[in-house]
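Report on one structure; see the data block that follows.
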Amino acid sequence: MKINDLKEAFAEKANADNAQHMAKYMRNQFVFYGLKTPERKNAYHQFLKEEKKKKQIDWDLLDQAWNDEHREMQYFVYDYLLAMKKYVSYDDLFRIEHYVRTKQWWDTIDSLVKIYGYVGLKDKRVDQLMLKWSKDPDKWVRRVAIEHQLLRKDKMNEILLSKIIENNLDSNEFFINKAIGWALRDYSKTNPDWVNDFIARYYDHLSKLSITEGSKYI
């Protein structure tokens, strides 16, 4: 599939009314074709099946898609990467960093983070990278660090989680405090005692939002 093929597939299914609502939901930061998730994914479902057989990531295609003004193109990028995650290496994460640091909003960030989490399970160098990112001036980069261990359950690196959150205590940033809350809430399903102790220890330095989210299931 070439970038123009993808554009044509999206354009054929474009819906102006949906596009307006989607743009408004995202605070008019991005332009949309107006494709709902099932329609969008159907446009490249077969292509992704073929890509998996090749076992090689087409970075030129991804870069072209990411640079497109339409938000669905960025959604294609992370869907592609999730489909091809077995073939993403540690070194590839530095390519993906460009996607993390540009065209930022929660929708792309919370999907790209899954790639870092997946690679982190097989390459422990990601631990130090995420620890470094947890101190980054960019809130979205820090959010990736905070969230990258979501859904790990008994594979959670508690020391790393603790250090990353400690680097973001006393934050007034909504998207950081929400991420902290989600990370704690998710892990509380596996180890509620650890989360409860962590919240108690840092209660005065955690936001009300983080505490509320983190203690939801405790």
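Just remember, in the structure tokens the first chain shown is A, the second B, etc., residues are 1-based per chain, and ligands are 1-based in the order shown.
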
Could you build a table of the residues in segment 31-84 of chain A lying no more than 8 Å from segment 9-21 of chain A, giving for each the nearest pair of atoms and their separation in Å rounded to one decimal place, using only C-alpha atoms, ordered by chain and ascending residue number, as CSV?
residue,atom,partner,partner_atom,distance
A:Val31,CA,A:Ala19,CA,7.4
A:Phe32,CA,A:Ala19,CA,4.9
A:Tyr33,CA,A:Ala14,CA,4.9
A:Gly34,CA,A:Ala19,CA,3.6
A:Leu35,CA,A:Ala14,CA,6.1
A:Lys36,CA,A:Asn18,CA,8.0
A:Glu39,CA,A:Lys13,CA,7.6
A:Arg40,CA,A:Phe10,CA,7.2
A:Ala43,CA,A:Ala9,CA,6.1

With N, CA, C and O atoms retained, export the selected residues as a PDB file, in the first residue's frame.
ATOM      1  N   VAL A  31      -7.485  17.898  11.865  1.00  0.00           N
ATOM      2  CA  VAL A  31      -8.444  17.725  10.771  1.00  0.00           C
ATOM      3  C   VAL A  31      -8.781  16.245  10.654  1.00  0.00           C
ATOM      4  O   VAL A  31      -7.902  15.388  10.788  1.00  0.00           O
ATOM      5  N   PHE A  32     -10.051  15.935  10.401  1.00  0.00           N
ATOM      6  CA  PHE A  32     -10.496  14.550  10.305  1.00  0.00           C
ATOM      7  C   PHE A  32     -11.174  14.267   8.967  1.00  0.00           C
ATOM      8  O   PHE A  32     -11.792  15.142   8.376  1.00  0.00           O
ATOM      9  N   TYR A  33     -11.075  13.020   8.533  1.00  0.00           N
ATOM     10  CA  TYR A  33     -11.895  12.547   7.417  1.00  0.00           C
ATOM     11  C   TYR A  33     -13.320  12.272   7.904  1.00  0.00           C
ATOM     12  O   TYR A  33     -14.266  12.308   7.132  1.00  0.00           O
ATOM     13  N   GLY A  34     -13.422  11.935   9.181  1.00  0.00           N
ATOM     14  CA  GLY A  34     -14.725  11.604   9.748  1.00  0.00           C
ATOM     15  C   GLY A  34     -15.012  10.116   9.751  1.00  0.00           C
ATOM     16  O   GLY A  34     -16.173   9.701   9.727  1.00  0.00           O
ATOM     17  N   LEU A  35     -13.960   9.303   9.773  1.00  0.00           N
ATOM     18  CA  LEU A  35     -14.131   7.848   9.787  1.00  0.00           C
ATOM     19  C   LEU A  35     -14.207   7.334  11.221  1.00  0.00           C
ATOM     20  O   LEU A  35     -13.356   7.644  12.053  1.00  0.00           O
ATOM     21  N   LYS A  36     -15.233   6.546  11.487  1.00  0.00           N
ATOM     22  CA  LYS A  36     -15.317   5.893  12.780  1.00  0.00           C
ATOM     23  C   LYS A  36     -14.344   4.710  12.799  1.00  0.00           C
ATOM     24  O   LYS A  36     -13.917   4.229  11.750  1.00  0.00           O
ATOM     25  N   GLU A  39     -14.724   1.619  10.422  1.00  0.00           N
ATOM     26  CA  GLU A  39     -14.528   1.986   9.012  1.00  0.00           C
ATOM     27  C   GLU A  39     -13.056   2.215   8.717  1.00  0.00           C
ATOM     28  O   GLU A  39     -12.541   1.786   7.674  1.00  0.00           O
ATOM     29  N   ARG A  40     -12.408   2.907   9.632  1.00  0.00           N
ATOM     30  CA  ARG A  40     -10.990   3.210   9.428  1.00  0.00           C
ATOM     31  C   ARG A  40     -10.170   1.925   9.374  1.00  0.00           C
ATOM     32  O   ARG A  40      -9.360   1.724   8.462  1.00  0.00           O
ATOM     33  N   ALA A  43     -10.410  -0.205   6.277  1.00  0.00           N
ATOM     34  CA  ALA A  43      -9.737   0.327   5.089  1.00  0.00           C
ATOM     35  C   ALA A  43      -8.343  -0.263   4.912  1.00  0.00           C
ATOM     36  O   ALA A  43      -7.835  -0.318   3.788  1.00  0.00           O
TER      37      ALA A  43
END

What is the atom CA of Thr102 of chain A to atom CA of Met73 of chain A distance in Å? 13.4 Å

7 Å contact set for segment 105-118 of chain A, only C-alpha atoms, chain neighbours under 6 positions out, as a PyMOL selection string: chain A and resi 75+78+82+85+140+144+147-149

Quick one: pull the distance between atom CA of Val100 of chain A and atom CA of Trp133 of chain A, Å, one decimal. 11.3 Å

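Going from atom CA of Ala183 of chain A to atom CA of Ser89 of chain A covers 24.3 Å.
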
Output as number ranges by chain all residues of segment 1-181 of chain A that backbone DSSP marks as helix (DSSP H, G or I). A: 3-12, 16-25, 37-54, 59-67, 71-83, 85-87, 93-101, 106-122, 125-133, 139-147, 153-155, 158-166, 174-181

Name the residues in contact with Tyr87 of chain A at a cut-off of 10 Å, using only C-alpha atoms, excluding same-chain residues fewer than 2 positions from it; report them as a list in words. Lys52, Lys55, Gln56, Ile57, Leu81, Leu82, Ala83, Met84, Lys85, Ser89, Tyr90, Asp92 and Val119 of chain A
